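Enquirer: Take a look at this one; I'll ask things after.
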Amino acid sequence: MSLRTSKPARAGQYAALLCYLVFLAFPFLWLISTAFKPAPELGSLHPTWIPEHPTLDNFRQAFDEQPLLRAAANSLIAALSAGVIAVVIATPMAYVMARHRSRLSTAATGWVVVSQAFPFVLLIIPLFLVLKHLHLINTLWGLIMVYVVWALPFALWMLVGYVRAVPPELEEAAAVDGAGRLRTLVSVTVPLLGPGIVATALFAFVTAWNEFFFALVLLKTPEKQTLPVVLTHFLGAEGASDLGPLAAAAFLATLPSLVLFAVIQRRITGGMLAGAVKS
């Protein structure tokens, strides 16, 4: 039997993929359209896909009403710090779990997976009490610690898979040359984990950048609030919203993640073992 996909089946696959892409892209395209619509078009009973009279007034109003730049800076600091710290902690832990398999490492891997099922509500009270004892409530460092703790299990789980994909023979060759465990990890394994480290850091960054619940509970003063929390300030009483400025601010909030994906997507999909041949 031929393993090649028939033309009708291939056409069906492409059609399903196209429908899925449309499903994913529709909210973002509608957000962009709303961000550039003037107030009369936003209140029209017959909405249009493309703004008839595009305007930047919603963006100007959004910056005038809320401190978006300061909130974006807070989110950027928290997200970048959480991504870097999570990767730095998870990389050596993943190496140990991948190279030294035992009942303990198996149990740790299982706990990592199970911990992702815990809802935020079960964690916020213990985390709040711990941060209060450390005097880190209403501080970005306290929020960064929470983001690292939340991202670390999944980051560890991801990196374990990448470490196991690195051939142990490369590390054995380094050991023959006299390299110790730490030198092997830094000079041999970590360079080969480039795509995995980038993907893991990106996951931690996007998770922290978009996170709302922890930031809402832990940050009290407006000067410390992150961008997702500030976006809620465009919502008025009884569910009323300033739709134009809200759409403009939400569009700007999505740009960093999109740009980051566009810049590093080649590194993520690049060959993991590129440059592994010893010269």
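Every chain in the structure tokens has a letter given in the order shown (A, B, ...), and although residue numbers restart at 1 in each chain, ligands are simply numbered from 1 in the order shown.
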Residues near Ser257 of chain A, anyone? I mean within 9 Å using only C-alpha atoms, not counting same-chain ones fewer than 3 positions away, as a PDB file with C-alpha atoms, in the first residue's frame.
Expert:
```pdb
ATOM      1  CA  LEU A 202      10.009  32.280  25.297  1.00  0.00           C
ATOM      2  CA  PHE A 205       8.351  35.278  28.925  1.00  0.00           C
ATOM      3  CA  VAL A 206       4.955  34.994  27.231  1.00  0.00           C
ATOM      4  CA  TRP A 209       3.821  38.957  29.991  1.00  0.00           C
ATOM      5  CA  ALA A 253       0.137  44.670  24.340  1.00  0.00           C
ATOM      6  CA  THR A 254       0.206  41.769  21.872  1.00  0.00           C
ATOM      7  CA  LEU A 260       9.606  37.977  19.697  1.00  0.00           C
ATOM      8  CA  PHE A 261       8.169  34.939  17.937  1.00  0.00           C
ATOM      9  CA  ALA A 262       9.027  36.394  14.543  1.00  0.00           C
TER      10      ALA A 262
END
```
Enquirer: Assign secondary structure with DSSP using the backbone only, and return the residues of segment 36-274 of chain A in alpha helix (DSSP H) as a ChimeraX atom specification.
Expert: /A:39-42,57-65,68-99,103-115,120-133,140-165,168-176,181-184,190-192,194-210,213-218,227-231,243-269
Enquirer: Given only C-alpha atoms, how would the per-residue table for segment 244-268 of chain A near segment 36-52 of chain A read, listing every residue at most 12 Å away with its closest atom pair and distance in Å to one decimal, sorted by chain and number, as a tab-separated table?
Expert:
```
residue	atom	partner	partner_atom	distance
A:Gly244	CA	A:Lys37	CA	7.1
A:Pro245	CA	A:Phe36	CA	9.4
A:Leu246	CA	A:Phe36	CA	11.2
A:Ala247	CA	A:Phe36	CA	8.6
A:Ala248	CA	A:Phe36	CA	7.4
A:Ala249	CA	A:Phe36	CA	11.2
A:Phe251	CA	A:Phe36	CA	10.2
```
Enquirer: To one decimal in Å, tell me the separation between atom CA of Phe63 of chain A and atom CA of Leu76 of chain A.
Expert: 17.5 Å
Enquirer: At a cut-off of 12 Å, using only C-alpha atoms, what residues contact segment 156-158 of chain A? Leave out same-chain residues fewer than 2 positions from it and give the result as an NGL selection string.
Expert: :A and (86-98 or 105-106 or 108-116 or 148-154 or 160-165 or 193 or 195-204)
Enquirer: Could you work out how far atom CA of Thr226 of chain A lies from atom CA of Val259 of chain A, giving the answer in Å with one decimal?
Expert: 19.2 Å
Enquirer: Have a look at A:Leu258, A:Ala215, A:Leu21, A:Leu182 and name the one nearest to Phe128 of chain A; count only C-alpha atoms.
Expert: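 Residue with the minimum atom-to-atom distance to Phe128 of chain A: A:Ala215.
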